[in-house]
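Reproduced below: input_19.txt, with compact mmCIF, C-alpha atoms.
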```
# COMPACT_ATOMS: atom_id res chain seq x y z
CA MET A 1 -24.28 20.96 -31.40
CA TRP A 2 -24.04 17.91 -33.67
CA ARG A 3 -21.82 19.89 -36.04
CA PHE A 4 -19.32 20.70 -33.32
CA HIS A 5 -19.40 17.11 -32.13
CA LYS A 6 -18.71 15.87 -35.67
CA GLN A 7 -15.77 18.30 -35.93
CA ARG A 8 -14.24 16.91 -32.73
CA VAL A 9 -14.73 13.33 -33.91
CA LEU A 10 -13.07 14.02 -37.28
CA ALA A 11 -10.16 15.88 -35.70
CA GLY A 12 -9.69 13.09 -33.19
CA THR A 13 -9.69 10.51 -35.98
CA ALA A 14 -6.94 12.39 -37.82
CA LEU A 15 -4.77 12.63 -34.70
CA THR A 16 -5.32 8.95 -33.92
CA LEU A 17 -4.25 7.93 -37.42
CA LEU A 18 -1.13 10.06 -37.19
CA GLY A 19 -0.20 8.58 -33.87
CA ALA A 20 -0.81 5.04 -35.03
CA LEU A 21 1.14 5.35 -38.29
CA GLY A 22 4.03 7.38 -36.99
CA CYS A 23 5.79 7.73 -40.31
CA SER A 24 5.16 8.40 -43.97
CA GLY A 25 6.67 8.60 -47.45
CA ARG A 26 6.99 11.92 -49.26
CA ALA A 27 4.72 12.43 -52.22
CA GLN A 28 6.80 13.08 -55.35
CA ALA A 29 4.24 13.17 -58.18
CA THR A 30 2.23 16.26 -59.08
CA ASP A 31 -0.88 14.50 -60.37
CA GLU A 32 -3.24 16.76 -58.37
CA ILE A 33 -2.50 20.44 -57.66
CA GLN A 34 -5.49 22.11 -56.01
CA VAL A 35 -6.81 23.60 -52.79
CA TYR A 36 -9.94 21.91 -51.45
CA ASN A 37 -12.82 24.24 -50.53
CA ALA A 38 -15.25 21.82 -48.77
CA GLY A 39 -17.65 21.74 -51.73
CA ILE A 40 -18.90 18.30 -52.75
CA ALA A 41 -21.16 16.66 -55.33
CA ALA A 42 -24.89 16.68 -54.68
CA VAL A 43 -26.44 13.57 -53.14
CA GLY A 44 -26.54 10.87 -55.82
CA GLN A 45 -24.44 12.92 -58.25
CA LEU A 46 -21.40 11.69 -60.19
CA THR A 47 -18.67 14.16 -61.14
CA ILE A 48 -15.47 13.76 -63.12
CA GLN A 49 -12.34 15.90 -63.26
CA GLN A 50 -9.25 15.55 -65.42
CA HIS A 51 -6.07 16.93 -63.84
CA LEU A 52 -3.09 17.66 -66.12
CA ASN A 53 0.13 19.29 -64.89
CA TYR A 54 3.20 19.90 -67.02
CA VAL A 55 6.59 20.51 -65.37
CA GLY A 56 8.32 22.77 -67.89
CA ILE A 57 11.42 23.36 -65.75
CA GLY A 58 11.82 20.86 -62.92
CA GLN A 59 14.23 18.69 -61.01
CA LYS A 60 16.74 16.92 -63.23
CA ASP A 61 17.81 14.41 -60.59
CA PRO A 62 15.49 11.66 -59.31
CA PRO A 63 14.07 12.32 -55.82
CA PHE A 64 15.23 8.85 -54.70
CA PRO A 65 17.03 5.87 -56.27
CA GLY A 66 14.80 4.39 -58.96
CA GLY A 67 12.48 7.40 -59.12
CA PHE A 68 12.08 9.67 -62.15
CA PRO A 69 13.04 13.35 -62.30
CA SER A 70 10.16 15.78 -62.71
CA ASN A 71 11.73 17.90 -65.47
CA GLY A 72 9.71 17.72 -68.69
CA SER A 73 7.07 15.39 -67.27
CA LEU A 74 3.31 15.49 -67.77
CA ASN A 75 1.43 14.36 -64.65
CA GLY A 76 -2.26 13.89 -64.13
CA THR A 77 -5.20 11.82 -63.04
CA PRO A 78 -8.85 11.35 -63.87
CA GLU A 79 -10.84 11.85 -60.66
CA PHE A 80 -14.30 10.38 -60.12
CA ALA A 81 -16.46 11.51 -57.20
CA TYR A 82 -19.91 10.59 -55.90
CA GLY A 83 -22.08 12.45 -53.40
CA MET A 84 -23.22 10.13 -50.60
CA THR A 85 -24.88 12.72 -48.33
CA ASP A 86 -24.84 16.51 -48.02
CA TRP A 87 -21.66 16.18 -45.91
CA TRP A 88 -19.91 13.10 -47.35
CA GLU A 89 -18.33 12.36 -50.75
CA LEU A 90 -16.32 9.38 -52.05
CA GLY A 91 -13.67 9.61 -54.77
CA LEU A 92 -11.32 7.54 -56.94
CA TYR A 93 -8.09 8.66 -58.69
CA LEU A 94 -6.04 6.84 -61.35
CA PRO A 95 -2.74 8.82 -61.38
CA PHE A 96 -0.23 8.67 -64.23
CA ALA A 97 2.80 10.42 -65.67
CA VAL A 98 4.21 10.74 -69.17
CA GLN A 99 7.94 11.18 -69.65
CA ASP A 100 10.27 10.37 -72.53
CA ARG A 101 7.26 9.06 -74.48
CA GLN A 102 6.53 6.52 -71.77
CA LEU A 103 3.21 6.27 -69.92
CA LEU A 104 3.72 5.42 -66.25
CA SER A 105 0.85 4.36 -63.99
CA ASP A 106 0.82 5.24 -60.30
CA ALA A 107 -1.93 2.72 -59.50
CA PHE A 108 -4.83 4.31 -57.58
CA LYS A 109 -6.04 6.54 -54.76
CA LEU A 110 -9.26 6.28 -52.77
CA ARG A 111 -10.60 9.25 -50.85
CA THR A 112 -13.41 10.08 -48.46
CA LEU A 113 -14.32 13.71 -47.83
CA PHE A 114 -16.36 15.06 -44.89
CA VAL A 115 -17.50 18.70 -44.95
CA SER A 116 -19.84 21.22 -43.38
CA PRO A 117 -23.15 20.86 -45.28
CA ASN A 118 -23.89 23.49 -47.95
CA ALA A 119 -20.33 24.78 -47.76
CA ASP A 120 -20.76 26.80 -50.97
CA LYS A 121 -23.37 28.98 -49.19
CA ARG A 122 -21.34 29.60 -46.03
CA ASN A 123 -19.01 32.43 -45.06
CA LEU A 124 -17.12 30.03 -42.76
CA PHE A 125 -16.66 26.47 -43.94
CA TYR A 126 -14.57 23.45 -42.98
CA GLY A 127 -14.00 19.78 -43.62
CA ILE A 128 -11.43 17.00 -43.73
CA ASN A 129 -10.34 14.65 -46.52
CA PHE A 130 -8.65 11.25 -46.15
CA GLU A 131 -6.89 9.86 -49.22
CA LEU A 132 -5.42 6.36 -49.25
CA SER A 133 -3.00 5.64 -52.10
CA TYR A 134 -1.22 2.61 -53.48
CA GLN A 135 1.99 3.89 -55.12
CA MET A 136 4.30 2.44 -57.75
CA PRO A 137 8.10 2.24 -57.24
CA LYS A 138 8.96 5.09 -59.65
CA PHE A 139 6.65 7.48 -57.77
CA ALA A 140 7.42 6.75 -54.12
CA GLN A 141 9.60 4.62 -51.88
CA THR A 142 6.58 3.44 -49.89
CA ARG A 143 3.82 1.35 -51.45
CA TRP A 144 0.99 2.72 -49.31
CA GLY A 145 0.39 6.32 -48.35
CA LEU A 146 -2.24 8.42 -46.62
CA GLU A 147 -3.01 12.10 -47.07
CA ILE A 148 -4.89 13.87 -44.27
CA ARG A 149 -6.20 17.22 -45.51
CA PRO A 150 -8.10 19.52 -43.14
CA ILE A 151 -10.04 22.30 -44.87
CA ILE A 152 -10.65 25.72 -43.30
CA GLY A 153 -11.99 28.68 -45.26
CA VAL A 154 -13.75 32.06 -45.12
CA ARG A 155 -15.45 34.02 -47.90
CA ASN A 156 -17.71 36.91 -48.74
CA ALA A 157 -19.37 38.03 -51.98
CA ASP A 158 -16.06 38.96 -53.62
CA TYR A 159 -13.16 37.17 -51.90
CA GLU A 160 -12.26 33.73 -50.61
CA PHE A 161 -9.37 32.51 -48.44
CA ILE A 162 -8.77 28.79 -47.85
CA VAL A 163 -6.08 26.85 -46.00
CA ASN A 164 -5.37 23.10 -46.31
CA PRO A 165 -2.78 22.16 -43.62
CA ILE A 166 -1.98 18.79 -45.21
CA VAL A 167 -0.13 15.91 -43.59
CA ASP A 168 1.27 13.25 -45.94
CA VAL A 169 1.69 9.91 -44.20
CA GLY A 170 3.30 6.74 -45.54
CA PHE A 171 3.99 3.19 -44.47
CA GLY A 172 7.14 1.13 -44.46
CA LYS A 173 10.90 1.36 -44.07
CA TYR A 174 11.31 4.72 -45.83
CA GLY A 175 8.13 6.26 -44.50
CA GLU A 176 7.72 9.54 -42.65
CA ALA A 177 5.05 12.11 -41.86
CA ASP A 178 5.47 15.32 -43.89
CA PHE A 179 3.83 18.71 -43.48
CA ALA A 180 2.73 19.93 -46.93
CA PRO A 181 0.27 22.84 -46.55
CA ALA A 182 -1.61 24.60 -49.34
CA ALA A 183 -3.53 27.89 -49.39
CA ARG A 184 -5.60 29.97 -51.79
CA VAL A 185 -6.87 33.54 -52.02
CA ALA A 186 -9.18 34.44 -54.92
CA ARG A 187 -11.37 37.28 -56.13
CA LYS A 188 -14.48 37.24 -58.28
CA VAL A 189 -13.96 39.30 -61.46
CA LYS A 190 -17.38 38.69 -63.02
CA ASP A 191 -19.92 35.89 -63.18
CA ASP A 192 -18.11 32.53 -63.28
CA VAL A 193 -14.68 34.14 -63.70
CA TYR A 194 -12.22 34.24 -60.80
CA VAL A 195 -8.54 35.05 -60.37
CA GLY A 196 -6.23 34.36 -57.46
CA LEU A 197 -3.03 33.01 -56.00
CA GLU A 198 -2.37 29.50 -54.68
CA TYR A 199 0.57 28.42 -52.56
CA TYR A 200 1.88 24.86 -52.16
CA ALA A 201 4.70 23.73 -49.88
CA ASP A 202 6.45 20.69 -48.47
CA PHE A 203 8.42 21.42 -45.30
CA GLY A 204 9.59 17.84 -44.89
CA LYS A 205 9.37 15.51 -41.94
CA ILE A 206 7.26 16.69 -39.02
CA GLY A 207 9.51 17.35 -36.05
CA ASP A 208 12.59 17.59 -38.27
CA PHE A 209 11.85 20.01 -41.13
CA SER A 210 14.27 20.11 -44.05
CA PRO A 211 16.66 23.08 -44.43
CA SER A 212 14.88 25.96 -46.16
CA ALA A 213 16.70 25.43 -49.47
CA GLU A 214 15.56 21.79 -49.53
CA GLN A 215 11.92 22.60 -48.85
CA GLN A 216 9.43 22.92 -51.69
CA HIS A 217 7.56 26.24 -52.03
CA THR A 218 5.59 27.08 -55.18
CA LEU A 219 3.32 30.05 -55.93
CA PHE A 220 0.65 29.80 -58.64
CA ALA A 221 -1.31 32.49 -60.44
CA VAL A 222 -4.70 30.89 -61.17
CA THR A 223 -8.00 31.53 -62.86
CA ASP A 224 -11.30 29.60 -62.73
CA PHE A 225 -14.07 29.92 -65.29
CA LYS A 226 -16.86 28.00 -66.99
CA VAL A 227 -17.40 27.03 -70.61
CA GLY A 228 -21.03 25.93 -70.77
CA ASP A 229 -21.42 23.23 -68.12
CA VAL A 230 -17.68 22.54 -67.95
CA ASP A 231 -15.55 23.99 -65.13
CA ILE A 232 -11.95 24.91 -65.95
CA ASP A 233 -9.11 25.78 -63.59
CA PHE A 234 -5.81 26.98 -65.05
CA GLY A 235 -2.64 28.10 -63.31
CA VAL A 236 1.05 28.80 -63.81
CA GLY A 237 3.40 28.13 -60.91
CA TYR A 238 6.88 29.34 -60.04
CA GLY A 239 9.16 27.48 -57.64
CA LEU A 240 10.63 29.67 -54.91
CA THR A 241 13.37 27.33 -53.66
CA ARG A 242 16.13 25.21 -55.14
CA ALA A 243 14.23 22.00 -54.39
CA SER A 244 11.03 23.22 -56.07
CA ASP A 245 10.08 22.70 -59.70
CA ARG A 246 10.80 26.08 -61.29
CA LEU A 247 7.93 26.22 -63.81
CA VAL A 248 4.69 24.22 -63.63
CA VAL A 249 1.50 24.64 -65.66
CA LYS A 250 -1.64 23.10 -64.20
CA THR A 251 -5.18 22.63 -65.43
CA ILE A 252 -8.32 20.90 -64.16
CA ILE A 253 -11.34 20.24 -66.38
CA GLY A 254 -14.49 19.18 -64.55
CA TYR A 255 -18.03 18.11 -65.37
CA ALA A 256 -20.94 17.27 -63.06
CA PHE A 257 -23.53 14.84 -64.37
CA PRO A 258 -27.18 15.63 -63.66
CA VAL A 259 -28.64 13.98 -60.57
CA PRO A 260 -30.84 11.07 -61.70
CA GLY A 261 -34.53 11.86 -61.41
CA THR A 262 -34.13 15.65 -61.23
CA LYS A 263 -34.17 18.50 -63.69
CA GLN A 264 -30.71 19.00 -65.17
CA SER A 265 -30.88 22.79 -65.06
CA SER A 266 -31.67 22.98 -61.34
CA GLU A 267 -29.55 20.14 -60.01
CA ARG A 268 -26.29 20.47 -61.93
CA ALA A 269 -23.47 21.66 -59.68
CA SER A 270 -19.81 22.49 -60.24
CA ALA A 271 -17.79 19.34 -60.83
CA SER A 272 -16.90 18.57 -57.23
CA GLY A 273 -15.91 21.18 -54.69
CA PRO A 274 -12.36 22.11 -55.61
CA ILE A 275 -13.29 23.21 -59.15
CA ASN A 276 -14.44 26.81 -59.57
CA PRO A 277 -14.56 27.15 -55.78
CA MET A 278 -16.25 30.56 -55.68
CA ALA A 279 -19.25 29.52 -57.76
CA HIS A 280 -22.73 30.54 -56.57
CA LEU A 281 -21.44 33.34 -54.34
CA SER A 282 -24.57 35.38 -54.97
CA ALA A 283 -26.67 32.60 -53.44
CA ARG A 284 -24.77 32.45 -50.16
CA SER A 285 -26.80 33.42 -47.14
CA THR A 286 -25.59 31.23 -44.27
CA PRO A 287 -23.12 33.31 -42.16
CA TYR A 288 -21.41 30.33 -40.50
```
Written form, structure tokens:
Amino acid sequence: MWRFHKQRVLAGTALTLLGALGCSGRAQATDEIQVYNAGIAAVGQLTIQQHLNYVGIGQKDPPFPGGFPSNGSLNGTPEFAYGMTDWWELGLYLPFAVQDRQLLSDAFKLRTLFVSPNADKRNLFYGINFELSYQMPKFAQTRWGLEIRPIIGVRNADYEFIVNPIVDVGFGKYGEADFAPAARVARKVKDDVYVGLEYYADFGKIGDFSPSAEQQHTLFAVTDFKVGDVDIDFGVGYGLTRASDRLVVKTIIGYAFPVPGTKQSSERASASGPINPMAHLSARSTPY
């Protein structure tokens, strides 16, 4: 019963925040392109991921006055995460972009992730992530933003389907609340090798969606695999609408440090949940 109570509390918190904020700024940078799967670092474990995303063919006009166009830009962030409990993880991002030989900082993001314990062993898993960001003028028209990312997924020994119905919320004069969902379906090919499709969208302001041609819809072909103890995610995305970046290449490289005081071989996990999300499928036994 405590699990269901915790679900209701987390859902209520998300709705309360949305009601209190009322408006948000649209996220423009592509520093993190991934679908969360409710996996987290082990208790006391530090993980690190490096996100890198190159927009080969993108928007040539800035998304707002003073912003930078995405075409030809390299976007990314190092992400640090720490496992607090078996259902709670904290994280820090330091986003950046490189364009025209200039390195641009997008300050920082702080996140807190709550999940169903042992999500990697469950056929039905869920969670919610809150991400507070301080944004620089070239990246957004609002200085502060909040991402609310529910996580709902199902899996068996061979397949996995995950949905993240994301709400991007921002503060200030130009703020609004946007609906920007993401989804993933993937299949295990062999041990530690997975292939799949990921979908990312931005419908615009909640209650007043943008015209279809002005919405962002991108489909990625992805693969996840391991090289030793390093997790690697690689994908190529194609924009389906006029407002979407036409060609995007994304990669995530992750490493999980051993838990202090334990044997490295038995305690090392995938570098945070979103990397190599179908890892350890053979060990799953919990049906829900």
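Atom CA of Gly204 of chain A lies 27.6 Å from atom CA of Asp233 of chain A.
A straight line drawn from atom CA of Val259 of chain A to atom CA of Ile162 of chain A is 27.9 Å long.
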Shell around Gly145 of chain A at 8 Å using only C-alpha atoms, local window under 6 positions removed, as a PDB file with C-alpha atoms, keeping the file's coordinate frame:
```pdb
ATOM      1  CA  SER A  24       5.160   8.400 -43.970  1.00  0.00           C
ATOM      2  CA  GLY A  25       6.670   8.600 -47.450  1.00  0.00           C
ATOM      3  CA  LEU A 132      -5.420   6.360 -49.250  1.00  0.00           C
ATOM      4  CA  SER A 133      -3.000   5.640 -52.100  1.00  0.00           C
ATOM      5  CA  TYR A 134      -1.220   2.610 -53.480  1.00  0.00           C
ATOM      6  CA  GLN A 135       1.990   3.890 -55.120  1.00  0.00           C
ATOM      7  CA  ASP A 168       1.270  13.250 -45.940  1.00  0.00           C
ATOM      8  CA  VAL A 169       1.690   9.910 -44.200  1.00  0.00           C
ATOM      9  CA  GLY A 170       3.300   6.740 -45.540  1.00  0.00           C
ATOM     10  CA  PHE A 171       3.990   3.190 -44.470  1.00  0.00           C
TER      11      PHE A 171
END
```
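Between Leu103 of chain A and the candidates A:Gly228, A:Gly153, A:Gly76, A:Gly175, the tightest atom-to-atom separation, counting only C-alpha atoms, involves A:Gly76.
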Smallest atom-to-atom distance to Val236 of chain A: which of A:Ile33, A:Val98, A:Ala119, A:Phe139, using only C-alpha atoms?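 That would be A:Ile33, the residue with the smallest distance to Val236 of chain A.
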Just give me the residues with any atom within 6 Å of (-14.8, 18.4, -68.0), file coordinates, counting only C-alpha atoms, written as a PyMOL selection string. chain A and resi 49+230+253-255
